[in-house]
>>> print(open('upload_1.txt').read())   # compact mmCIF, C-alpha atoms and all ligand atoms
# COMPACT_ATOMS: atom_id res chain seq x y z
CA MET A 14 133.64 77.88 60.95
CA PRO A 15 133.90 74.56 62.82
CA SER A 16 131.03 72.07 62.88
CA THR A 17 132.89 69.91 65.39
CA ILE A 18 133.52 70.98 68.96
CA PRO A 19 136.70 73.05 68.97
CA GLU A 20 139.48 72.42 71.44
CA ILE A 21 138.82 74.29 74.68
CA PRO A 22 141.85 76.49 75.41
CA GLU A 23 143.88 76.57 78.57
CA LEU A 24 142.64 79.00 81.24
CA LEU A 25 145.72 80.80 82.54
CA ALA A 26 145.41 82.64 85.86
CA PRO A 27 147.60 85.01 87.86
CA ALA A 28 149.18 83.72 91.07
CA GLY A 29 150.59 86.68 93.00
CA SER A 30 150.99 84.52 96.13
CA PHE A 31 150.65 80.89 97.20
CA GLU A 32 147.17 81.56 98.58
CA LYS A 33 146.06 83.05 95.26
CA LEU A 34 147.58 80.10 93.40
CA VAL A 35 145.56 77.69 95.55
CA THR A 36 142.41 79.75 94.94
CA ALA A 37 142.96 79.94 91.17
CA ILE A 38 143.40 76.18 91.05
CA HIS A 39 140.37 75.58 93.27
CA TYR A 40 138.17 77.60 90.91
CA GLY A 41 139.42 75.90 87.77
CA ALA A 42 142.62 77.36 86.30
CA ASP A 43 144.49 75.00 83.96
CA ALA A 44 147.73 76.93 84.38
CA VAL A 45 149.07 79.74 86.54
CA TYR A 46 151.78 82.32 86.03
CA LEU A 47 153.88 83.79 88.78
CA ALA A 48 157.21 85.47 89.44
CA GLY A 49 160.23 84.44 91.40
CA GLN A 50 161.98 87.18 93.34
CA LYS A 51 163.82 88.56 90.31
CA TYR A 52 163.15 89.49 86.71
CA GLY A 53 159.31 89.53 86.83
CA LEU A 54 157.18 92.57 86.02
CA ARG A 55 155.29 92.75 89.29
CA ALA A 56 157.86 93.80 91.84
CA LYS A 57 155.13 94.55 94.41
CA ALA A 58 153.27 91.23 94.14
CA GLY A 59 153.98 88.67 96.90
CA ASN A 60 156.49 86.96 94.63
CA PHE A 61 157.84 83.49 95.35
CA ASP A 62 161.17 82.80 97.07
CA LYS A 63 162.93 79.48 96.45
CA PRO A 64 161.06 77.34 99.01
CA GLY A 65 157.85 79.08 97.95
CA LEU A 66 158.47 78.25 94.32
CA HIS A 67 159.12 74.59 95.12
CA LYS A 68 155.90 74.44 97.11
CA ALA A 69 153.92 76.21 94.37
CA VAL A 70 155.16 73.92 91.59
CA ALA A 71 154.57 70.80 93.68
CA TYR A 72 151.03 71.88 94.60
CA ALA A 73 150.16 72.87 91.02
CA HIS A 74 151.51 69.65 89.54
CA GLN A 75 149.64 67.53 92.10
CA ASN A 76 146.54 69.22 90.70
CA HIS A 77 147.63 68.78 87.06
CA VAL A 78 148.10 72.52 86.63
CA SER A 79 151.04 74.05 84.74
CA VAL A 80 153.27 76.81 86.15
CA TYR A 81 154.86 79.50 84.01
CA VAL A 82 157.37 81.91 85.53
CA THR A 83 157.72 85.50 84.37
CA VAL A 84 161.20 86.66 83.46
CA ASN A 85 159.88 89.54 81.40
CA ILE A 86 161.67 92.71 82.43
CA ILE A 87 163.25 94.91 79.78
CA ALA A 88 166.77 93.94 80.78
CA HIS A 89 169.80 96.20 81.12
CA ASN A 90 173.37 94.86 81.19
CA ASP A 91 173.47 94.69 84.98
CA ASP A 92 170.37 92.48 84.99
CA PHE A 93 172.31 89.65 83.35
CA SER A 94 174.50 89.04 86.36
CA GLY A 95 173.10 85.89 87.99
CA LEU A 96 170.47 85.37 85.27
CA ALA A 97 171.82 82.04 83.98
CA GLU A 98 171.98 80.61 87.52
CA TYR A 99 168.42 81.78 88.18
CA LEU A 100 167.09 80.23 84.96
CA ASP A 101 168.97 77.03 85.70
CA TYR A 102 167.34 76.97 89.11
CA LEU A 103 163.87 77.44 87.57
CA GLY A 104 164.56 74.50 85.27
CA SER A 105 165.57 72.35 88.24
CA VAL A 106 162.33 73.18 90.09
CA GLY A 107 160.32 71.77 87.19
CA VAL A 108 158.44 74.86 86.04
CA ASP A 109 156.59 74.32 82.76
CA GLY A 110 157.68 77.44 80.92
CA LEU A 111 159.27 80.86 81.11
CA ILE A 112 157.56 84.09 80.07
CA ILE A 113 160.09 86.44 78.49
CA SER A 114 160.15 89.55 76.36
CA ASP A 115 163.79 90.59 76.08
CA PRO A 116 165.74 88.95 73.20
CA GLY A 117 168.87 88.92 75.38
CA ILE A 118 167.08 86.95 78.08
CA LEU A 119 165.77 84.64 75.35
CA ARG A 120 169.35 83.89 74.26
CA VAL A 121 170.51 83.15 77.79
CA ALA A 122 167.46 80.94 78.39
CA GLN A 123 168.07 78.97 75.21
CA ARG A 124 171.68 78.35 76.23
CA THR A 125 170.93 77.57 79.88
CA VAL A 126 167.63 75.70 79.90
CA PRO A 127 167.16 74.52 76.29
CA SER A 128 164.44 72.06 77.17
CA LEU A 129 162.15 74.65 78.85
CA SER A 130 159.23 76.09 76.86
CA LEU A 131 159.65 79.79 76.21
CA HIS A 132 156.58 82.00 75.99
CA LEU A 133 156.79 85.50 74.59
CA SER A 134 155.32 88.09 76.93
CA THR A 135 152.77 90.69 75.85
CA GLN A 136 155.54 93.22 76.55
CA ALA A 137 157.10 92.21 73.21
CA ASN A 138 154.02 93.70 71.49
CA VAL A 139 153.37 91.20 68.71
CA THR A 140 150.86 92.95 66.45
CA ASN A 141 151.28 91.28 63.03
CA CYS A 142 151.80 87.95 61.27
CA ASP A 143 155.44 88.58 60.36
CA SER A 144 156.38 89.49 63.92
CA ALA A 145 154.63 86.34 65.11
CA GLN A 146 156.55 84.16 62.65
CA PHE A 147 159.78 85.97 63.52
CA TRP A 148 159.44 85.02 67.19
CA PHE A 149 158.53 81.42 66.42
CA ASP A 150 161.62 81.28 64.18
CA GLN A 151 163.65 82.41 67.20
CA GLY A 152 162.50 79.31 69.06
CA VAL A 153 159.70 80.51 71.34
CA SER A 154 156.84 78.02 71.61
CA ARG A 155 154.05 80.45 72.51
CA LEU A 156 153.23 84.10 71.87
CA ASN A 157 151.00 86.31 73.96
CA LEU A 158 149.56 88.71 71.41
CA ALA A 159 149.49 92.45 72.09
CA ARG A 160 146.28 93.68 73.71
CA GLU A 161 146.03 96.40 71.06
CA LEU A 162 144.66 94.03 68.38
CA SER A 163 141.19 93.66 66.91
CA PHE A 164 139.67 90.18 66.71
CA ALA A 165 140.15 90.23 62.92
CA GLU A 166 143.87 90.90 63.41
CA MET A 167 144.19 88.19 66.05
CA ARG A 168 142.46 85.73 63.77
CA SER A 169 144.63 86.55 60.81
CA ILE A 170 147.74 85.92 62.95
CA ARG A 171 146.14 82.66 64.11
CA ASP A 172 145.61 81.60 60.50
CA SER A 173 149.17 82.45 59.48
CA VAL A 174 151.24 80.65 62.14
CA SER A 175 151.13 77.18 63.68
CA GLY A 176 152.69 77.85 67.11
CA GLU A 177 150.72 78.40 70.31
CA LEU A 178 148.93 81.74 70.74
CA GLU A 179 147.76 83.22 74.00
CA ILE A 180 145.25 86.06 74.36
CA PHE A 181 144.54 88.32 77.33
CA VAL A 182 140.82 88.05 78.04
CA HIS A 183 140.43 89.88 81.32
CA GLY A 184 142.05 92.47 83.53
CA ALA A 185 143.60 95.91 83.76
CA LEU A 186 144.83 97.70 80.65
CA CYS A 187 147.68 100.10 80.12
CA ILE A 188 147.13 103.29 78.22
CA SER A 189 150.52 102.62 76.62
CA TYR A 190 151.47 99.57 74.55
CA SER A 191 151.21 96.83 77.17
CA GLY A 192 153.38 98.38 79.83
CA ARG A 193 156.04 99.92 77.58
CA CYS A 194 155.64 103.15 79.43
CA MET A 195 157.88 105.66 81.17
CA LEU A 196 155.15 107.62 82.96
CA SER A 197 155.70 105.93 86.29
CA HIS A 198 159.46 106.26 86.02
CA TYR A 199 159.27 109.99 85.28
CA MET A 200 156.65 110.82 87.86
CA THR A 201 157.65 108.60 90.76
CA GLY A 202 161.05 107.06 89.96
CA ARG A 203 159.39 103.63 89.84
CA ASP A 204 160.06 101.87 86.54
CA ALA A 205 157.13 99.97 85.00
CA ASN A 206 159.54 98.11 82.77
CA GLN A 207 161.28 96.70 85.83
CA GLY A 208 158.04 95.59 87.45
CA ASN A 209 157.53 98.57 89.70
CA CYS A 210 154.72 100.66 88.16
CA ALA A 211 153.02 103.15 90.52
CA HIS A 212 150.03 103.44 88.10
CA PRO A 213 150.18 107.22 87.66
CA CYS A 214 147.96 106.80 84.60
CA ARG A 215 145.14 106.38 87.12
CA TYR A 216 145.94 109.45 89.26
CA ARG A 217 143.49 112.31 89.35
CA TYR A 218 144.68 115.14 87.13
CA ALA A 219 143.73 118.81 86.89
CA LEU A 220 144.87 121.74 84.78
CA ILE A 221 147.12 124.40 86.28
CA GLU A 222 148.22 127.68 84.66
CA GLU A 223 151.86 128.54 85.46
CA LYS A 224 151.17 132.07 86.78
CA ARG A 225 148.54 130.83 89.22
CA PRO A 226 150.28 128.19 91.32
CA GLY A 227 147.92 126.24 93.49
CA HIS A 228 144.88 127.13 91.38
CA TYR A 229 143.64 123.88 89.88
CA PHE A 230 141.22 123.93 86.99
CA PRO A 231 139.10 120.84 86.68
CA VAL A 232 139.26 119.31 83.21
CA SER A 233 136.24 117.03 83.35
CA GLU A 234 132.63 117.03 84.31
CA ASP A 235 133.63 115.92 87.80
CA GLU A 236 134.89 118.73 90.06
CA ARG A 237 137.31 116.39 91.87
CA GLY A 238 139.45 116.19 88.74
CA THR A 239 139.79 113.60 86.05
CA TYR A 240 141.57 110.42 85.23
CA ILE A 241 142.51 111.14 81.66
CA PHE A 242 144.48 107.93 81.11
CA ASN A 243 142.35 105.67 83.29
CA SER A 244 141.20 102.81 81.07
CA LYS A 245 138.35 100.56 82.01
CA ASP A 246 139.32 96.90 82.51
CA LEU A 247 139.31 94.34 79.72
CA CYS A 248 136.55 91.72 79.72
CA LEU A 249 136.15 89.35 76.75
CA LEU A 250 133.87 86.88 78.53
CA LYS A 251 131.08 87.39 75.97
CA ARG A 252 133.59 86.83 73.19
CA LEU A 253 134.78 83.43 74.37
CA PRO A 254 132.78 81.50 71.72
CA GLU A 255 134.55 83.41 68.93
CA LEU A 256 137.97 83.09 70.58
CA VAL A 257 137.50 79.36 71.16
CA ALA A 258 136.30 78.77 67.59
CA ALA A 259 139.26 80.72 66.20
CA GLY A 260 141.64 78.22 67.81
CA PHE A 261 143.61 80.20 70.38
CA ASP A 262 145.55 77.99 72.79
CA SER A 263 145.46 79.90 76.03
CA LEU A 264 143.24 82.58 77.58
CA LYS A 265 145.02 84.71 80.11
CA ILE A 266 143.65 86.66 83.06
CA GLU A 267 145.64 89.68 84.26
CA GLY A 268 146.03 90.45 87.95
CA ARG A 269 148.90 89.18 90.06
CA MET A 270 148.45 92.29 92.23
CA LYS A 271 144.68 91.80 92.57
CA SER A 272 142.93 90.31 95.60
CA LEU A 273 142.22 86.68 96.34
CA PHE A 274 138.53 87.29 95.74
CA TYR A 275 139.16 88.91 92.42
CA VAL A 276 141.31 85.99 91.24
CA GLY A 277 138.87 83.35 92.49
CA GLY A 278 135.81 85.16 91.14
CA VAL A 279 137.22 85.82 87.67
CA VAL A 280 138.68 82.33 87.23
CA ARG A 281 135.39 80.83 88.38
CA ALA A 282 133.34 82.79 85.81
CA TYR A 283 135.66 81.99 82.90
CA ARG A 284 135.91 78.31 83.94
CA ALA A 285 132.11 78.05 84.01
CA ALA A 286 131.89 79.73 80.60
CA LEU A 287 134.48 77.39 79.06
CA ASP A 288 132.74 74.35 80.56
CA PHE A 289 129.44 75.59 79.13
CA LEU A 290 131.05 75.85 75.69
CA ARG A 291 132.63 72.40 76.00
CA ALA A 292 129.16 70.90 76.50
CA LEU A 293 127.63 72.43 73.36
CA SER A 294 126.74 70.28 70.37
CA PRO A 295 128.91 70.38 67.24
CA ALA A 296 126.04 72.06 65.36
CA SER A 297 126.20 75.07 67.70
CA TRP A 298 129.71 75.80 66.49
CA GLN A 299 128.67 76.48 62.90
CA HIS A 300 128.03 80.10 63.89
CA PRO A 301 130.10 80.78 67.04
CA GLU A 302 129.27 84.49 66.94
CA THR A 303 125.64 83.60 67.69
CA ILE A 304 126.46 81.50 70.77
CA GLN A 305 125.24 83.26 73.91
CA LEU A 306 126.64 82.53 77.32
CA PRO A 307 124.11 82.14 80.14
CA ASP A 308 123.10 85.55 81.54
CA HIS A 309 124.07 84.62 85.08
CA LEU A 310 127.75 84.30 84.04
CA LEU A 311 127.72 87.84 82.72
CA THR A 312 126.04 88.96 85.92
CA GLU A 313 128.69 87.17 87.98
CA ILE A 314 131.57 88.89 86.22
CA SER A 315 129.92 92.27 86.76
CA ARG A 316 129.99 91.57 90.50
CA ILE A 317 133.78 91.38 90.47
CA GLY A 318 134.66 94.40 88.31
CA THR A 319 137.20 96.86 89.55
CA ARG A 320 136.99 99.67 86.99
CA ASP A 321 134.04 98.83 84.76
CA TYR A 322 134.61 96.79 81.60
CA THR A 323 135.61 97.33 77.98
CA GLU A 324 136.27 94.99 75.06
CA ASN A 325 139.17 97.28 74.17
CA PHE A 326 140.22 96.85 70.50
CA PHE A 327 138.16 93.68 69.86
CA THR A 328 135.75 95.16 67.31
CA GLU A 329 136.90 98.76 66.90
CA MET A 330 139.46 101.27 68.12
CA PRO A 331 138.64 102.20 71.70
CA GLY A 332 137.50 105.78 72.18
CA SER A 333 136.76 108.05 75.10
CA SER A 334 133.94 105.76 76.26
CA GLU A 335 136.61 103.17 77.16
CA MET A 336 138.03 105.55 79.77
CA LEU A 337 136.74 105.96 83.28
CA TYR A 338 136.47 109.67 84.11
CA LYS A 339 134.90 109.75 87.54
CA SER A 340 137.02 107.50 89.69
CA SER A 341 140.09 105.31 89.51
CA ARG A 342 138.08 102.45 91.02
CA PHE A 343 134.82 100.72 90.29
CA ASP A 344 132.41 100.56 93.17
CA GLN A 345 132.10 96.82 93.78
CA PRO A 346 128.66 95.65 94.82
CA TYR A 347 130.05 92.61 96.71
CA GLU A 348 132.75 92.17 99.31
CA PRO A 349 134.69 89.17 100.64
CA VAL A 350 133.65 87.59 103.92
CA ALA A 351 135.70 84.41 104.49
CA VAL A 352 137.77 81.60 103.00
CA ILE A 353 137.26 78.00 104.10
CA ARG A 354 140.50 76.62 105.48
CA GLU A 355 139.19 73.18 106.46
CA MET A 356 135.95 71.23 106.28
CA THR A 357 135.11 69.33 109.45
CA ALA A 358 131.50 68.92 110.57
CA LEU A 359 131.38 72.71 110.10
CA PRO A 360 133.47 74.89 107.83
CA TYR A 361 136.55 76.28 109.60
CA VAL A 362 137.13 79.66 107.99
CA GLU A 363 139.47 82.62 108.01
CA LEU A 364 137.43 85.82 108.13
CA ARG A 365 138.32 88.57 105.68
CA ASN A 366 135.79 91.08 106.99
CA VAL A 367 133.69 91.65 110.08
CA LEU A 368 130.91 89.05 110.27
CA HIS A 369 127.88 89.07 112.57
CA ARG A 370 125.65 86.21 113.62
CA GLY A 371 122.44 86.27 111.59
CA GLU A 372 124.01 87.76 108.44
CA LEU A 373 123.10 86.57 104.97
CA ILE A 374 126.20 85.51 103.00
CA GLU A 375 126.88 83.71 99.73
CA TYR A 376 129.06 80.66 99.17
CA MET A 377 130.82 80.67 95.77
CA THR A 378 130.70 77.09 94.55
CA ARG A 379 133.05 75.72 91.95
CA GLY A 380 130.99 76.18 88.82
CA SER A 381 128.54 79.01 88.56
CA ASP A 382 126.14 78.39 91.46
CA ILE A 383 125.83 80.57 94.51
CA THR A 384 124.49 79.15 97.77
CA THR A 385 122.92 81.81 99.99
CA VAL A 386 123.00 80.98 103.70
CA THR A 387 122.27 82.68 107.01
CA VAL A 388 125.03 82.51 109.63
CA ALA A 389 123.43 80.65 112.55
CA GLU A 390 126.52 80.62 114.77
CA ILE A 391 130.08 81.89 114.83
CA ILE A 392 132.15 79.62 117.06
CA GLY A 393 135.57 80.76 118.29
CA GLN A 394 138.68 78.61 118.91
CA ASN A 395 137.59 78.04 122.51
CA GLY A 396 134.32 76.50 121.35
CA ARG A 397 132.21 79.44 122.51
CA SER A 398 129.63 81.02 120.30
CA ILE A 399 130.30 84.72 119.54
CA GLU A 400 128.17 87.54 118.14
CA ARG A 401 130.82 88.94 115.83
CA GLY A 402 134.06 87.80 114.20
CA ASN A 403 136.80 90.16 113.02
CA PRO A 404 139.06 90.07 109.96
CA GLY A 405 141.86 87.53 110.46
CA ASN A 406 139.88 85.48 113.02
CA ASN A 407 139.75 81.73 112.44
CA VAL A 408 136.31 80.48 113.43
CA TYR A 409 133.76 77.76 112.75
CA LEU A 410 130.53 78.78 111.04
CA SER A 411 127.20 77.04 111.20
CA PHE A 412 124.29 77.89 108.93
CA ASP A 413 120.55 77.62 108.70
CA GLN A 414 120.96 74.83 106.13
CA ASP A 415 123.12 71.91 105.09
CA CYS A 416 126.65 72.81 103.92
CA GLN A 417 127.91 69.45 102.73
CA ASN A 418 128.89 70.78 99.31
CA PHE A 419 131.21 73.40 100.80
CA GLU A 420 134.92 72.73 100.22
CA PRO A 421 138.31 73.85 101.52
CA ASN A 422 139.52 76.96 99.65
CA GLY A 423 135.93 77.90 98.77
CA MET A 424 135.00 81.53 99.48
CA PHE A 425 132.08 83.44 100.99
CA ARG A 426 131.03 86.94 99.99
CA ARG A 427 128.15 89.29 100.76
CA ARG A 428 126.30 92.05 99.03
CA LYS A 429 127.45 95.40 100.38
CA ASN A 430 125.05 97.54 102.41
CA GLN A 431 122.49 94.75 102.74
CA GLU A 432 119.66 95.22 105.15
CA GLY A 433 119.66 93.16 108.32
S1 LIG A 501 151.61 104.03 84.32
FE1 LIG A 501 149.72 103.09 83.57
S2 LIG A 501 150.08 102.86 81.35
FE2 LIG A 501 152.08 103.17 82.30
S3 LIG A 501 152.84 101.06 82.68
FE3 LIG A 501 151.82 101.79 84.57
S4 LIG A 501 149.69 100.97 84.39
FE4 LIG A 501 150.64 100.91 82.31
>>> encode(input="upload_1.txt", output="structure tokens", more="lines below")
Ligand code: SF4
Amino acid sequence: MPSTIPEIPELLAPAGSFEKLVTAIHYGADAVYLAGQKYGLRAKAGNFDKPGLHKAVAYAHQNHVSVYVTVNIIAHNDDFSGLAEYLDYLGSVGVDGLIISDPGILRVAQRTVPSLSLHLSTQANVTNCDSAQFWFDQGVSRLNLARELSFAEMRSIRDSVSGELEIFVHGALCISYSGRCMLSHYMTGRDANQGNCAHPCRYRYALIEEKRPGHYFPVSEDERGTYIFNSKDLCLLKRLPELVAAGFDSLKIEGRMKSLFYVGGVVRAYRAALDFLRALSPASWQHPETIQLPDHLLTEISRIGTRDYTENFFTEMPGSSEMLYKSSRFDQPYEPVAVIREMTALPYVELRNVLHRGELIEYMTRGSDITTVTVAEIIGQNGRSIERGNPGNNVYLSFDQDCQNFEPNGMFRRRKNQEG
């Protein structure tokens, strides 16, 4: 194990829209991934049209952040019409890499944009050293390893190849091999392999006997039904010391369909954890498995969870405890309040929830601190003080204390069901 400080890997965040891209960058992403309007696996995300892509790449590069574009559908013949022109366009915009999984798309990309870095998507399911070497031999520069690997397997792949390796550290999991799944297609006509998954793995299911139509038998301890395929979300925050010491190049957060607050909150926690690790002494790295992250970072990530957390295959095969049986969603203890659009003498914010004068809210700093403030005044566009602001309102906020460290794109949240 290293006795020098290992290289801190890239933190790679989802950017389902320009606003989420700005938020991910604000809270410390080193790179973002997004989709244009074709060929990505998140057909329902607010994908980027051509002007949007130009704007996104320009903004990211101004902030020294890389942009990777997903072109990772499982392609059928018809999908190849217009593909070369699209890839050529992506090259001309100056994106930093393409995320692909289909060998046919790989061939077209190598012919069309030979200078662009090609990253292999998790959809290609690389689960062993020979597969990893195979893909590097095909000319890809980075592999995202399958989420179905233990840490020992990941590390043995790391030790056997020299190309870049990327690991998913956080986000939703499929019950199938990383999205290679026909459930959505069969049940709803929406094809997960074309970016259009309806998430039927998270529906509530019950048992029905064919001679008793309409009579549903519950199949879990919960009388509302069960979510038999409903995996908890991945969270490897605690495992960052081991992943960093093992020499992975990029740590990826899932969630282009997730909310702005989810993206900002998760990026912020992982950024703070990586910065904490960067500051450790070389001696600490002799036994990375003993390095403990500060408790407040683990608390912070638990405030963002959507479906409770699992470490998936990291140490052992996941069992029934990695499934969530009672609900398809995790009851979040915090909710978004506002995003700062501009800092003048007072923060000018866009409200994301109803806000009343006198409420206690929390400002999420860059880093891991939280500043708790009381809303002294809500001031509307006409300069008048109001009792209550509504979602979508743009207002000025004043507080019971100094807010000089607040910044544009910073977010406020509040604990749900708080008194007063
Ligand atoms: S239905 Fe569930 S398991 Fe299948 S691709 Fe969609 S999210 Fe993944």
>>> closest_residue(input="upload_1.txt", among="A:Pro421, A:Pro213, A:Pro404, A:Gly227", to="A:Asn366", atoms="all atoms listed in the file")
A:Pro404
>>> closest_atom_pairs(input="upload_1.txt", of="chain A", to="ligand LIG 501 (chain A)", cutoff="8 Å", atoms="only C-alpha atoms and all ligand atoms", output="JSON lines")
{"residue": "A:Ala185", "atom": "CA", "partner": "A:LIG501", "partner_atom": "S4", "distance": 7.9}
{"residue": "A:Leu186", "atom": "CA", "partner": "A:LIG501", "partner_atom": "FE4", "distance": 6.8}
{"residue": "A:Cys187", "atom": "CA", "partner": "A:LIG501", "partner_atom": "FE4", "distance": 3.8}
{"residue": "A:Ile188", "atom": "CA", "partner": "A:LIG501", "partner_atom": "S2", "distance": 4.3}
{"residue": "A:Ser189", "atom": "CA", "partner": "A:LIG501", "partner_atom": "S2", "distance": 4.8}
{"residue": "A:Tyr190", "atom": "CA", "partner": "A:LIG501", "partner_atom": "S2", "distance": 7.7}
{"residue": "A:Ser191", "atom": "CA", "partner": "A:LIG501", "partner_atom": "FE4", "distance": 6.6}
{"residue": "A:Gly192", "atom": "CA", "partner": "A:LIG501", "partner_atom": "S3", "distance": 3.9}
{"residue": "A:Arg193", "atom": "CA", "partner": "A:LIG501", "partner_atom": "S3", "distance": 6.1}
{"residue": "A:Cys194", "atom": "CA", "partner": "A:LIG501", "partner_atom": "FE2", "distance": 4.6}
{"residue": "A:Met195", "atom": "CA", "partner": "A:LIG501", "partner_atom": "FE2", "distance": 6.4}
{"residue": "A:Leu196", "atom": "CA", "partner": "A:LIG501", "partner_atom": "S1", "distance": 5.2}
{"residue": "A:Ser197", "atom": "CA", "partner": "A:LIG501", "partner_atom": "S1", "distance": 4.9}
{"residue": "A:Ala205", "atom": "CA", "partner": "A:LIG501", "partner_atom": "S3", "distance": 5.0}
{"residue": "A:Asn206", "atom": "CA", "partner": "A:LIG501", "partner_atom": "S3", "distance": 7.3}
{"residue": "A:Cys210", "atom": "CA", "partner": "A:LIG501", "partner_atom": "FE3", "distance": 4.8}
{"residue": "A:Ala211", "atom": "CA", "partner": "A:LIG501", "partner_atom": "FE3", "distance": 6.2}
{"residue": "A:His212", "atom": "CA", "partner": "A:LIG501", "partner_atom": "S1", "distance": 4.1}
{"residue": "A:Pro213", "atom": "CA", "partner": "A:LIG501", "partner_atom": "S1", "distance": 4.8}
{"residue": "A:Cys214", "atom": "CA", "partner": "A:LIG501", "partner_atom": "FE1", "distance": 4.2}
{"residue": "A:Arg215", "atom": "CA", "partner": "A:LIG501", "partner_atom": "FE1", "distance": 6.7}
{"residue": "A:Phe242", "atom": "CA", "partner": "A:LIG501", "partner_atom": "FE1", "distance": 7.5}
{"residue": "A:Asn243", "atom": "CA", "partner": "A:LIG501", "partner_atom": "FE1", "distance": 7.8}
>>> closest_residue(input="upload_1.txt", among="A:Phe149, A:Phe181, A:Tyr347, A:Tyr409", to="A:Tyr275", atoms="only C-alpha atoms")
A:Tyr347
>>> residues_near_point(input="upload_1.txt", point="(147.4, 81.7, 93.0)", cutoff="9 Å", atoms="all atoms listed in the file", output="ChimeraX atom specification")
/A:26-38,45-47,69,269,273,276-277
>>> residues_around(input="upload_1.txt", residues="A:Pro64", least_positions_apart="5", cutoff="12 Å", atoms="all atoms listed in the file", output="list in words")
Phe31, Gly49, Gln50, Ala69, Val70, Ala71, Tyr102, Leu103 and Val106 of chain A
>>> write_last_selection(input="upload_1.txt", atoms="C-alpha atoms", output="compact mmCIF listing (two decimals), in the coordinates of the input")
# COMPACT_ATOMS: atom_id res chain seq x y z
CA PHE A 31 150.65 80.89 97.20
CA GLY A 49 160.23 84.44 91.40
CA GLN A 50 161.98 87.18 93.34
CA ALA A 69 153.92 76.21 94.37
CA VAL A 70 155.16 73.92 91.59
CA ALA A 71 154.57 70.80 93.68
CA TYR A 102 167.34 76.97 89.11
CA LEU A 103 163.87 77.44 87.57
CA VAL A 106 162.33 73.18 90.09
>>> residues_around(input="upload_1.txt", residues="stretch 294-302 of chain A", least_positions_apart="3", cutoff="9 Å", atoms="all atoms listed in the file", output="ChimeraX atom specification")
/A:14-19,252,254-258,290-291,305
>>> atom_distance(input="upload_1.txt", atom1="atom CA of A:Ser114", atom2="atom CA of A:Arg155")
11.6 Å
>>> atom_distance(input="upload_1.txt", atom1="atom CA of A:Gly184", atom2="atom CA of A:Ile118")
26.2 Å
>>> closest_residue(input="upload_1.txt", among="A:Leu410, A:Cys142, A:Leu178, A:Leu111", to="A:Ala358", atoms="only C-alpha atoms")
A:Leu410
>>> atom_distance(input="upload_1.txt", atom1="atom CA of A:Ile353", atom2="atom CA of A:Leu311")
25.4 Å
>>> residues_near_point(input="upload_1.txt", point="(139.0, 90.8, 116.3)", cutoff="12 Å", atoms="only C-alpha atoms", output="list in words")
Glu363, Leu364, Arg365, Asn366, Val367, Leu368, His369, Gly393, Ile399, Glu400, Arg401, Gly402, Asn403, Pro404, Gly405, Asn406, Asn407 and Val408 of chain A
>>> closest_residue(input="upload_1.txt", among="A:Lys245, A:Arg217, A:Phe261, A:Pro226", to="A:Ser169", atoms="all atoms listed in the file")
A:Phe261
>>> closest_residue(input="upload_1.txt", among="A:Thr312, A:Ser128, A:Thr323, A:Ser154", to="A:Val174", atoms="only C-alpha atoms")
A:Ser154
>>> decode(input="upload_1.txt", residues="stretch 63-72 of chain A", atoms="N, CA and C atoms", output="PDB file, in the first residue's frame")
ATOM      1  N   LYS A  63     -28.090  21.704 -29.710  1.00  0.00           N
ATOM      2  CA  LYS A  63     -26.783  22.200 -30.169  1.00  0.00           C
ATOM      3  C   LYS A  63     -26.340  23.490 -29.472  1.00  0.00           C
ATOM      4  N   PRO A  64     -27.195  24.527 -29.424  1.00  0.00           N
ATOM      5  CA  PRO A  64     -26.750  25.729 -28.700  1.00  0.00           C
ATOM      6  C   PRO A  64     -26.468  25.421 -27.224  1.00  0.00           C
ATOM      7  N   GLY A  65     -27.291  24.525 -26.663  1.00  0.00           N
ATOM      8  CA  GLY A  65     -27.112  24.171 -25.244  1.00  0.00           C
ATOM      9  C   GLY A  65     -25.787  23.472 -25.014  1.00  0.00           C
ATOM     10  N   LEU A  66     -25.397  22.643 -25.962  1.00  0.00           N
ATOM     11  CA  LEU A  66     -24.135  21.915 -25.826  1.00  0.00           C
ATOM     12  C   LEU A  66     -22.944  22.874 -25.921  1.00  0.00           C
ATOM     13  N   HIS A  67     -23.034  23.817 -26.859  1.00  0.00           N
ATOM     14  CA  HIS A  67     -21.982  24.830 -26.984  1.00  0.00           C
ATOM     15  C   HIS A  67     -21.813  25.584 -25.669  1.00  0.00           C
ATOM     16  N   LYS A  68     -22.962  26.004 -25.135  1.00  0.00           N
ATOM     17  CA  LYS A  68     -22.948  26.787 -23.895  1.00  0.00           C
ATOM     18  C   LYS A  68     -22.365  25.948 -22.747  1.00  0.00           C
ATOM     19  N   ALA A  69     -22.776  24.677 -22.681  1.00  0.00           N
ATOM     20  CA  ALA A  69     -22.313  23.805 -21.594  1.00  0.00           C
ATOM     21  C   ALA A  69     -20.802  23.596 -21.667  1.00  0.00           C
ATOM     22  N   VAL A  70     -20.304  23.327 -22.874  1.00  0.00           N
ATOM     23  CA  VAL A  70     -18.858  23.073 -23.013  1.00  0.00           C
ATOM     24  C   VAL A  70     -18.072  24.343 -22.692  1.00  0.00           C
ATOM     25  N   ALA A  71     -18.568  25.487 -23.186  1.00  0.00           N
ATOM     26  CA  ALA A  71     -17.862  26.747 -22.919  1.00  0.00           C
ATOM     27  C   ALA A  71     -17.824  27.021 -21.415  1.00  0.00           C
ATOM     28  N   TYR A  72     -18.960  26.853 -20.749  1.00  0.00           N
ATOM     29  CA  TYR A  72     -19.019  27.131 -19.304  1.00  0.00           C
ATOM     30  C   TYR A  72     -18.099  26.177 -18.535  1.00  0.00           C
TER      31      TYR A  72
END
